[in-house]
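Structure data follow from structure.pdb (PDB, C-alpha atoms and all ligand atoms):
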ATOM      1  CA  MET M 967     110.861 119.030 114.500
ATOM      2  CA  SER M 968     110.888 117.338 111.149
ATOM      3  CA  PHE M 969     108.076 117.698 108.614
ATOM      4  CA  ALA M 970     109.031 114.902 106.218
ATOM      5  CA  LEU M 971     106.134 112.523 105.766
ATOM      6  CA  PRO M 972     107.134 109.037 106.960
ATOM      7  CA  LYS M 973     106.427 106.071 104.740
ATOM      8  CA  VAL M 974     103.787 103.631 105.929
ATOM      9  CA  MET M 975     104.797  99.976 106.229
ATOM     10  CA  GLY M 976     101.657  97.813 106.134
ATOM     11  CA  VAL M 977     101.729  94.662 108.274
ATOM     12  CA  VAL M 978     100.845  91.339 106.644
ATOM     13  CA  ASN M 979     100.926  88.577 109.262
ATOM     14  CA  VAL M 980     100.657  85.110 107.706
ATOM     15  CA  THR M 981     100.485  83.494 111.138
ATOM     16  CA  PRO M 982      97.959  81.731 113.358
ATOM     17  CA  ASP M 983      99.080  83.540 116.504
ATOM     18  CA  SER M 984     100.037  87.192 115.907
ATOM     19  CA  PHE M 985      98.884  89.290 118.830
ATOM     20  CA  SER M 986      96.469  91.537 116.995
ATOM     21  CA  ASP M 987      95.329  89.635 113.933
ATOM     22  CA  GLY M 988      96.613  86.063 114.322
ATOM     23  CA  GLY M 989      94.805  83.569 112.116
ATOM     24  CA  ARG M 990      92.935  86.153 110.067
ATOM     25  CA  PHE M 991      95.254  85.957 107.065
ATOM     26  CA  LEU M 992      96.831  82.543 107.536
ATOM     27  CA  GLY M 993      95.981  81.063 104.140
ATOM     28  CA  ALA M 994      97.851  82.505 101.146
ATOM     29  CA  PRO M 995      94.705  83.792  99.362
ATOM     30  CA  ALA M 996      93.540  85.737 102.422
ATOM     31  CA  ALA M 997      97.021  87.144 103.038
ATOM     32  CA  ILE M 998      97.464  88.158  99.391
ATOM     33  CA  ALA M 999      94.071  89.869  99.332
ATOM     34  CA  HIS M1000      94.920  91.655 102.571
ATOM     35  CA  ALA M1001      98.309  92.785 101.229
ATOM     36  CA  LEU M1002      96.758  94.193  98.049
ATOM     37  CA  LYS M1003      94.107  95.958 100.113
ATOM     38  CA  LEU M1004      96.844  97.634 102.169
ATOM     39  CA  VAL M1005      98.484  98.802  98.929
ATOM     40  CA  GLU M1006      95.179 100.322  97.799
ATOM     41  CA  GLN M1007      94.910 102.028 101.174
ATOM     42  CA  GLY M1008      98.266 103.720 100.618
ATOM     43  CA  ALA M1009     100.932 101.421 102.083
ATOM     44  CA  ASP M1010     104.385 102.395 100.762
ATOM     45  CA  ILE M1011     106.016  99.150 101.940
ATOM     46  CA  LEU M1012     104.543  95.743 102.823
ATOM     47  CA  ASP M1013     106.060  93.797 105.721
ATOM     48  CA  ILE M1014     105.256  90.115 105.331
ATOM     49  CA  GLY M1015     105.891  87.775 108.273
ATOM     50  CA  GLY M1016     105.278  84.072 108.938
ATOM     51  CA  GLU M1017     106.423  83.818 112.567
ATOM     52  CA  SER M1018     104.831  85.756 115.407
ATOM     53  CA  THR M1019     107.226  87.642 117.678
ATOM     54  CA  ARG M1020     104.572  88.546 120.231
ATOM     55  CA  PRO M1021     105.549  87.974 123.880
ATOM     56  CA  GLY M1022     105.417  84.260 124.639
ATOM     57  CA  ALA M1023     105.238  83.181 120.978
ATOM     58  CA  GLU M1024     106.659  79.759 120.143
ATOM     59  CA  PRO M1025     109.186  79.587 117.283
ATOM     60  CA  VAL M1026     108.240  77.935 113.973
ATOM     61  CA  ASP M1027     110.653  76.002 111.765
ATOM     62  CA  ALA M1028     112.020  77.413 108.532
ATOM     63  CA  ALA M1029     110.023  75.078 106.270
ATOM     64  CA  GLU M1030     106.740  76.126 107.848
ATOM     65  CA  GLU M1031     107.666  79.800 107.797
ATOM     66  CA  LEU M1032     108.665  79.588 104.128
ATOM     67  CA  ALA M1033     105.443  77.791 103.231
ATOM     68  CA  ARG M1034     103.532  80.682 104.804
ATOM     69  CA  VAL M1035     105.376  83.677 103.367
ATOM     70  CA  LEU M1036     106.762  82.651  99.970
ATOM     71  CA  PRO M1037     103.457  82.266  98.078
ATOM     72  CA  VAL M1038     102.382  85.633  99.443
ATOM     73  CA  ILE M1039     105.614  87.400  98.464
ATOM     74  CA  GLU M1040     105.514  85.830  94.993
ATOM     75  CA  ALA M1041     101.893  86.789  94.373
ATOM     76  CA  VAL M1042     102.312  90.340  95.652
ATOM     77  CA  ARG M1043     105.519  90.774  93.636
ATOM     78  CA  ALA M1044     103.645  89.750  90.479
ATOM     79  CA  ARG M1045     101.018  92.454  91.071
ATOM     80  CA  TRP M1046     102.834  95.364  92.746
ATOM     81  CA  ASP M1047     106.182  97.125  92.167
ATOM     82  CA  GLY M1048     106.670  98.626  95.623
ATOM     83  CA  PRO M1049     109.098  97.522  98.318
ATOM     84  CA  ILE M1050     108.362  94.250 100.122
ATOM     85  CA  SER M1051     110.042  93.427 103.409
ATOM     86  CA  VAL M1052     110.189  90.026 105.036
ATOM     87  CA  ASP M1053     109.888  89.944 108.819
ATOM     88  CA  THR M1054     112.062  87.009 109.826
ATOM     89  CA  LEU M1055     114.851  85.930 112.149
ATOM     90  CA  LYS M1056     116.046  83.233 109.758
ATOM     91  CA  PRO M1057     118.705  83.716 107.076
ATOM     92  CA  ALA M1058     117.221  80.877 104.986
ATOM     93  CA  VAL M1059     113.829  82.577 104.952
ATOM     94  CA  ALA M1060     115.383  85.950 104.106
ATOM     95  CA  ARG M1061     117.340  84.361 101.262
ATOM     96  CA  ALA M1062     114.279  82.728  99.705
ATOM     97  CA  ALA M1063     112.184  85.853 100.241
ATOM     98  CA  VAL M1064     114.738  88.037  98.458
ATOM     99  CA  ALA M1065     114.892  85.527  95.584
ATOM    100  CA  ALA M1066     111.086  85.805  95.369
ATOM    101  CA  GLY M1067     111.218  89.600  95.155
ATOM    102  CA  ALA M1068     111.524  91.019  98.673
ATOM    103  CA  GLY M1069     114.029  93.869  98.949
ATOM    104  CA  VAL M1070     114.141  94.388 102.700
ATOM    105  CA  TRP M1071     115.014  92.017 105.565
ATOM    106  CA  ASN M1072     113.248  93.173 108.720
ATOM    107  CA  ASP M1073     115.017  91.333 111.551
ATOM    108  CA  VAL M1074     113.785  91.875 115.118
ATOM    109  CA  SER M1075     117.110  90.455 116.338
ATOM    110  CA  ALA M1076     119.138  93.108 114.433
ATOM    111  CA  LEU M1077     120.935  90.328 112.488
ATOM    112  CA  ALA M1078     122.197  88.816 115.752
ATOM    113  CA  GLY M1079     119.716  85.934 115.878
ATOM    114  CA  ARG M1080     121.739  83.406 113.895
ATOM    115  CA  PRO M1081     125.494  83.032 113.359
ATOM    116  CA  ASP M1082     125.176  83.636 109.602
ATOM    117  CA  SER M1083     122.651  86.492 109.640
ATOM    118  CA  LEU M1084     125.135  89.327 109.035
ATOM    119  CA  GLU M1085     126.970  87.478 106.302
ATOM    120  CA  THR M1086     123.712  86.517 104.580
ATOM    121  CA  ALA M1087     122.433  90.108 104.620
ATOM    122  CA  ALA M1088     125.697  91.323 103.113
ATOM    123  CA  GLN M1089     125.568  88.654 100.391
ATOM    124  CA  LEU M1090     121.953  89.411  99.569
ATOM    125  CA  GLY M1091     122.681  93.133  99.207
ATOM    126  CA  CYS M1092     119.174  93.889 100.434
ATOM    127  CA  GLU M1093     118.030  96.622 102.777
ATOM    128  CA  VAL M1094     117.879  95.666 106.448
ATOM    129  CA  VAL M1095     115.886  96.859 109.442
ATOM    130  CA  LEU M1096     117.898  96.342 112.626
ATOM    131  CA  MET M1097     115.570  96.282 115.640
ATOM    132  CA  HIS M1098     116.405  96.289 119.338
ATOM    133  CA  MET M1099     115.028  93.456 121.469
ATOM    134  CA  GLN M1100     116.074  92.439 124.985
ATOM    135  CA  GLY M1101     115.979  88.634 125.232
ATOM    136  CA  GLU M1102     113.850  86.572 122.847
ATOM    137  CA  PRO M1103     110.110  86.620 122.165
ATOM    138  CA  ARG M1104     109.255  83.594 124.334
ATOM    139  CA  THR M1105     110.568  85.201 127.512
ATOM    140  CA  MET M1106     111.318  88.856 126.743
ATOM    141  CA  GLN M1107     108.525  90.326 128.875
ATOM    142  CA  ALA M1108     109.408  88.271 131.988
ATOM    143  CA  ASP M1109     111.535  90.940 133.665
ATOM    144  CA  PRO M1110     113.035  93.489 131.272
ATOM    145  CA  THR M1111     115.721  95.507 133.056
ATOM    146  CA  TYR M1112     117.820  98.493 131.983
ATOM    147  CA  GLY M1113     119.986 101.087 133.695
ATOM    148  CA  ASP M1114     119.243 103.797 131.105
ATOM    149  CA  VAL M1115     116.955 102.340 128.455
ATOM    150  CA  VAL M1116     117.450 105.089 125.870
ATOM    151  CA  ALA M1117     121.249 105.053 126.133
ATOM    152  CA  GLU M1118     121.363 101.244 126.024
ATOM    153  CA  VAL M1119     119.054 100.908 123.031
ATOM    154  CA  ALA M1120     120.912 103.666 121.150
ATOM    155  CA  ALA M1121     124.297 102.060 121.888
ATOM    156  CA  PHE M1122     123.021  98.624 120.838
ATOM    157  CA  LEU M1123     121.641  99.925 117.540
ATOM    158  CA  ALA M1124     124.816 101.883 116.763
ATOM    159  CA  HIS M1125     126.862  98.755 117.486
ATOM    160  CA  ARG M1126     124.679  96.501 115.311
ATOM    161  CA  ALA M1127     124.845  99.007 112.441
ATOM    162  CA  GLU M1128     128.630  99.007 112.792
ATOM    163  CA  GLN M1129     128.728  95.199 112.792
ATOM    164  CA  ALA M1130     126.501  95.084 109.722
ATOM    165  CA  MET M1131     128.748  97.491 107.854
ATOM    166  CA  LEU M1132     131.854  95.549 108.872
ATOM    167  CA  ALA M1133     130.204  92.427 107.475
ATOM    168  CA  GLY M1134     129.624  94.228 104.162
ATOM    169  CA  VAL M1135     126.109  95.666 104.423
ATOM    170  CA  ALA M1136     126.051  99.071 102.706
ATOM    171  CA  ARG M1137     125.414 101.981 105.053
ATOM    172  CA  GLY M1138     122.594 103.183 102.803
ATOM    173  CA  ASN M1139     120.809  99.850 103.226
ATOM    174  CA  ILE M1140     120.484 100.121 107.025
ATOM    175  CA  SER M1141     117.481 101.335 109.022
ATOM    176  CA  LEU M1142     117.130 101.180 112.820
ATOM    177  CA  ASP M1143     114.145 100.450 115.060
ATOM    178  CA  PRO M1144     114.003 100.909 118.859
ATOM    179  CA  GLY M1145     111.718  97.861 119.144
ATOM    180  CA  VAL M1146     108.748  99.154 121.119
ATOM    181  CA  GLY M1147     107.382  96.267 123.238
ATOM    182  CA  PHE M1148     110.308  93.911 122.700
ATOM    183  CA  GLY M1149     111.702  93.208 126.173
ATOM    184  CA  LYS M1150     110.467  96.525 127.590
ATOM    185  CA  THR M1151     107.998  97.634 130.234
ATOM    186  CA  ALA M1152     105.498 100.395 129.514
ATOM    187  CA  GLU M1153     107.861 102.845 131.261
ATOM    188  CA  HIS M1154     110.757 101.728 129.050
ATOM    189  CA  ASN M1155     108.626 102.167 125.929
ATOM    190  CA  LEU M1156     107.485 105.628 126.987
ATOM    191  CA  ALA M1157     111.045 106.714 127.771
ATOM    192  CA  LEU M1158     112.182 105.542 124.331
ATOM    193  CA  LEU M1159     109.359 107.354 122.580
ATOM    194  CA  ARG M1160     109.972 110.509 124.621
ATOM    195  CA  ASP M1161     113.637 110.525 123.566
ATOM    196  CA  LEU M1162     113.196 109.188 120.048
ATOM    197  CA  ASP M1163     115.364 112.072 118.813
ATOM    198  CA  ARG M1164     118.365 110.260 120.288
ATOM    199  CA  ILE M1165     117.681 107.232 118.086
ATOM    200  CA  VAL M1166     117.072 109.450 115.037
ATOM    201  CA  ALA M1167     120.352 111.267 115.842
ATOM    202  CA  LEU M1168     122.285 108.048 115.144
ATOM    203  CA  GLY M1169     121.995 109.095 111.507
ATOM    204  CA  PHE M1170     120.070 106.169 109.997
ATOM    205  CA  PRO M1171     116.430 106.093 108.891
ATOM    206  CA  VAL M1172     114.278 105.041 111.859
ATOM    207  CA  VAL M1173     111.399 102.552 111.600
ATOM    208  CA  LEU M1174     108.788 102.745 114.363
ATOM    209  CA  GLY M1175     106.404  99.900 115.232
ATOM    210  CA  VAL M1176     103.748 101.071 117.673
ATOM    211  CA  SER M1177     100.597  99.831 115.976
ATOM    212  CA  ARG M1178      98.132  98.157 118.374
ATOM    213  CA  LYS M1179     100.884  97.495 120.925
ATOM    214  CA  ARG M1180     100.252  96.663 124.569
ATOM    215  CA  LEU M1181     101.729  99.998 125.644
ATOM    216  CA  ILE M1182      98.431 101.533 124.541
ATOM    217  CA  GLN M1183      96.545  99.355 127.018
ATOM    218  CA  ALA M1184      99.040 100.252 129.738
ATOM    219  CA  VAL M1185      98.027 103.892 129.330
ATOM    220  CA  ASP M1186      94.347 103.304 128.509
ATOM    221  CA  ALA M1187      93.109 100.270 130.431
ATOM    222  CA  SER M1188      89.945 100.125 128.314
ATOM    223  CA  ALA M1189      92.033  98.995 125.304
ATOM    224  CA  ALA M1190      92.594  95.369 126.325
ATOM    225  CA  ASP M1191      91.500  94.227 122.870
ATOM    226  CA  PRO M1192      94.129  95.124 120.223
ATOM    227  CA  ALA M1193      91.259  96.092 117.903
ATOM    228  CA  ASP M1194      90.483  98.939 120.333
ATOM    229  CA  ARG M1195      93.936 100.517 120.027
ATOM    230  CA  LEU M1196      93.541 102.583 116.848
ATOM    231  CA  GLY M1197      93.502 105.949 118.618
ATOM    232  CA  GLY M1198      96.673 105.175 120.519
ATOM    233  CA  SER M1199      98.338 103.757 117.402
ATOM    234  CA  LEU M1200      97.658 106.950 115.452
ATOM    235  CA  ALA M1201      98.784 109.198 118.312
ATOM    236  CA  LEU M1202     102.099 107.350 118.537
ATOM    237  CA  ALA M1203     102.565 107.288 114.749
ATOM    238  CA  LEU M1204     102.194 111.085 114.667
ATOM    239  CA  TRP M1205     104.575 111.408 117.617
ATOM    240  CA  GLY M1206     107.132 109.396 115.621
ATOM    241  CA  ALA M1207     106.538 111.449 112.493
ATOM    242  CA  ALA M1208     107.156 114.689 114.382
ATOM    243  CA  ARG M1209     110.484 113.333 115.621
ATOM    244  CA  GLY M1210     111.736 112.384 112.180
ATOM    245  CA  CYS M1211     110.940 108.687 111.848
ATOM    246  CA  ALA M1212     111.293 107.549 108.255
ATOM    247  CA  VAL M1213     108.836 104.648 108.405
ATOM    248  CA  VAL M1214     105.806 103.869 110.554
ATOM    249  CA  ARG M1215     104.746 100.197 110.745
ATOM    250  CA  ALA M1216     100.953  99.917 110.816
ATOM    251  CA  HIS M1217      98.096  97.426 110.726
ATOM    252  CA  ASP M1218      95.477 100.138 110.029
ATOM    253  CA  VAL M1219      96.996 101.584 106.900
ATOM    254  CA  ARG M1220      94.135 103.770 105.650
ATOM    255  CA  GLU M1221      93.777 105.542 108.989
ATOM    256  CA  THR M1222      97.541 105.906 109.443
ATOM    257  CA  VAL M1223      97.991 107.407 105.965
ATOM    258  CA  GLN M1224      95.147 109.851 106.618
ATOM    259  CA  ALA M1225      96.507 110.882 110.023
ATOM    260  CA  LEU M1226      99.971 111.489 108.577
ATOM    261  CA  LYS M1227      98.605 113.483 105.648
ATOM    262  CA  LEU M1228      96.716 115.797 107.974
ATOM    263  CA  TRP M1229      99.699 116.146 110.279
ATOM    264  CA  ALA M1230     101.946 117.002 107.320
ATOM    265  CA  ALA M1231      99.435 119.439 105.862
ATOM    266  CA  VAL M1232      99.386 121.394 109.112
ATOM    267  CA  ALA M1233     103.002 120.951 110.180
ATOM    268  CA  GLY M1234     104.597 121.440 106.768
ATOM    269  CA  GLY M1235     102.426 124.386 105.674
TER     270      GLY M1235
HETATM  271  N1  LIG D1301     106.662  94.583 115.761
HETATM  272  C1  LIG D1301     106.151  93.361 115.527
HETATM  273  C2  LIG D1301     106.711  92.542 114.542
HETATM  274  N2  LIG D1301     107.752  92.972 113.788
HETATM  275  N3  LIG D1301     109.306  94.644 113.230
HETATM  276  C3  LIG D1301     109.817  95.864 113.440
HETATM  277  N4  LIG D1301     110.853  96.313 112.691
HETATM  278  N5  LIG D1301     109.332  96.695 114.415
HETATM  279  C4  LIG D1301     108.293  96.312 115.217
HETATM  280  O1  LIG D1301     107.905  97.101 116.114
HETATM  281  C5  LIG D1301     107.719  95.025 115.018
HETATM  282  C6  LIG D1301     108.265  94.198 114.003
HETATM  283  C7  LIG D1301     104.981  92.876 116.313
HETATM  284  O2  LIG D1301     103.772  93.166 115.669
HETATM  285  P1  LIG D1301     102.942  92.131 114.753
HETATM  286  O3  LIG D1301     103.702  91.766 113.535
HETATM  287  O4  LIG D1301     101.600  92.673 114.484
HETATM  288  O5  LIG D1301     102.720  90.898 115.693
HETATM  289  P2  LIG D1301     103.349  89.449 115.748
HETATM  290  O6  LIG D1301     104.805  89.590 115.996
HETATM  291  O7  LIG D1301     102.591  88.804 116.880
HETATM  292  O8  LIG D1301     103.099  88.796 114.413
END
Show this structure as C-alpha cells.
Ligand code: HH2
Amino acid sequence: MSFALPKVMGVVNVTPDSFSDGGRFLGAPAAIAHALKLVEQGADILDIGGESTRPGAEPVDAAEELARVLPVIEAVRARWDGPISVDTLKPAVARAAVAAGAGVWNDVSALAGRPDSLETAAQLGCEVVLMHMQGEPRTMQADPTYGDVVAEVAAFLAHRAEQAMLAGVARGNISLDPGVGFGKTAEHNLALLRDLDRIVALGFPVVLGVSRKRLIQAVDASAADPADRLGGSLALALWGAARGCAVVRAHDVRETVQALKLWAAVAGG
C-alpha cells in the first residue's frame, strides 16, 4: 500500500465528440473558462485535447486540432503556472503545444502513432505519458484479444519506455498509463486494475484514466449516461491511489480532490 497522494489531472476536451462532455467546451472561451475552473477546484495538471479518442471516433487533421487546442493552451499559460499536458497523437500538435507552454505530451499511442513521434519527444525535452492501446480508436473495441492482459500491457509499456529512452527521452520525463478502455473489454480493464501493482512495479510514475469510463456501466448497468458515473470514477481513483498511482485523470476535479484528501487523511494517519 502506498499513501502518497496522487496528483489530479483535470480533463479539458476541446472537441465536439468526446464521450462524456463532447461539444460542451468546443469554443476557446468555454474551454478556457472550464480549464480555469478546474484549477480553482484543485487540479494539479491540466490535460488539453482537441481530438477525441473515444471508441469509434473519427480522426481530425492537424490544422483543426491545433486551432482547437492552441488558443486554450496559450490563454491558460498566461494565467496559470502549473503543468499543462497536451493530449495528442500528432508530433506537429505536440511541438506547437510545447512552444505555447505545455510541458507534457500525453500520447495514447505511447509515441508509436507516427514515425517521428519518438524523435520529436526527445527533441522537445518535454515530459511524456506513454499509454497502452490495442489497435486505434476507430476500431479498438471491435474485438480486443489478449492471452494475459496484465503481462502484455506491462511488457508493452516497458518496451515503449525503453524505445523512448533510446531515442533520447530522459528517464525522469516518462510516465506510463495502462490505458483503461483502450482496446479492452470490461474483464480486461478489471484485470488490469486488480493487478495495477505490476504496472507500478515497472518503476515509472503511473497515470490512471478511469473517469466516467464505460467500465463503470459494465459493472453498474444504471450508469449508461457518463454523467451518472461519478461514484464509480471516485471508487476507481481511490483504488489507483492505494496502489501507488502518481496521477489520476479526472473530469470531476473537485470531487476527485476531495475523495483523495479523505483517503489520504485516513490511510496516511
Ligand atoms: N482517456 C481518454 C483520453 N486520453 N489519456 C491518458 N493518458 N489516459 C486515459 O485514460 C485517457 C487519455 C478518454 O477520455 P476523454 O478525454 O474524456 O474522452 P475523449 O477521448 O472522447 O475526448
Find the residues around range 1183-1198 of chain M up to 8 Å (all atoms listed in the file counted), leave out those fewer than 2 positions away in its own chain, and share them as a list in words. Phe985, Ser986, Ala1152, Ser1177, Arg1178, Lys1179, Arg1180, Leu1181, Leu1200, Ala1201, Leu1202 and Asp1218 of chain M
Taking the file above as input, evaluate the PyMOL selection byres (((not hetatm)) within 9 of (chain D and resi 1301)) and report the hits as a PyMOL selection string. chain M and resi 977-988+1013-1021+1023+1053-1054+1072-1074+1095-1098+1103+1142-1148+1173-1179+1214-1217
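As for CA of His1000 in chain M and CA of Trp1229 in chain M, they are spaced 26.1 Å apart.
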Can you translate the PyMOL selection byres (((chain M and resi 1127) around 9) and not hetatm) into the concrete residues it hits in this file, as a PyMOL selection string? chain M and resi 1076+1096+1122-1126+1128-1132+1135+1137+1140-1142+1170
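Counting all atoms listed in the file and comparing M:Leu1158, M:Val1035, M:Ala1058, M:Ala997, the residue that lies closest to Ala1120 in chain M is M:Leu1158.
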The PyMOL selection byres (((chain M and resi 995) around 12) and not hetatm) - which residues does that actually catch in the file I just gave you? List them as a PyMOL selection string. chain M and resi 980+990-994+996-1002+1034-1035+1037-1042
Around (115.0, 78.4, 105.1) in the file's frame, which residues reach within 7 Å when counting only C-alpha atoms? Return as a list in words? Ala1028, Ala1029, Leu1032, Lys1056, Pro1057, Ala1058, Val1059 and Ala1062 of chain M
Residue nearest Gly1022 in chain M - candidates M:Asp1082, M:Glu1006, M:Asp1114, M:Glu1102, atoms counted: only C-alpha atoms: M:Glu1102
Nearest residue to Gln1107 in chain M out of M:Thr1151, M:Ser1075, M:Asn1139, M:Ser1083, using only C-alpha atoms? M:Thr1151
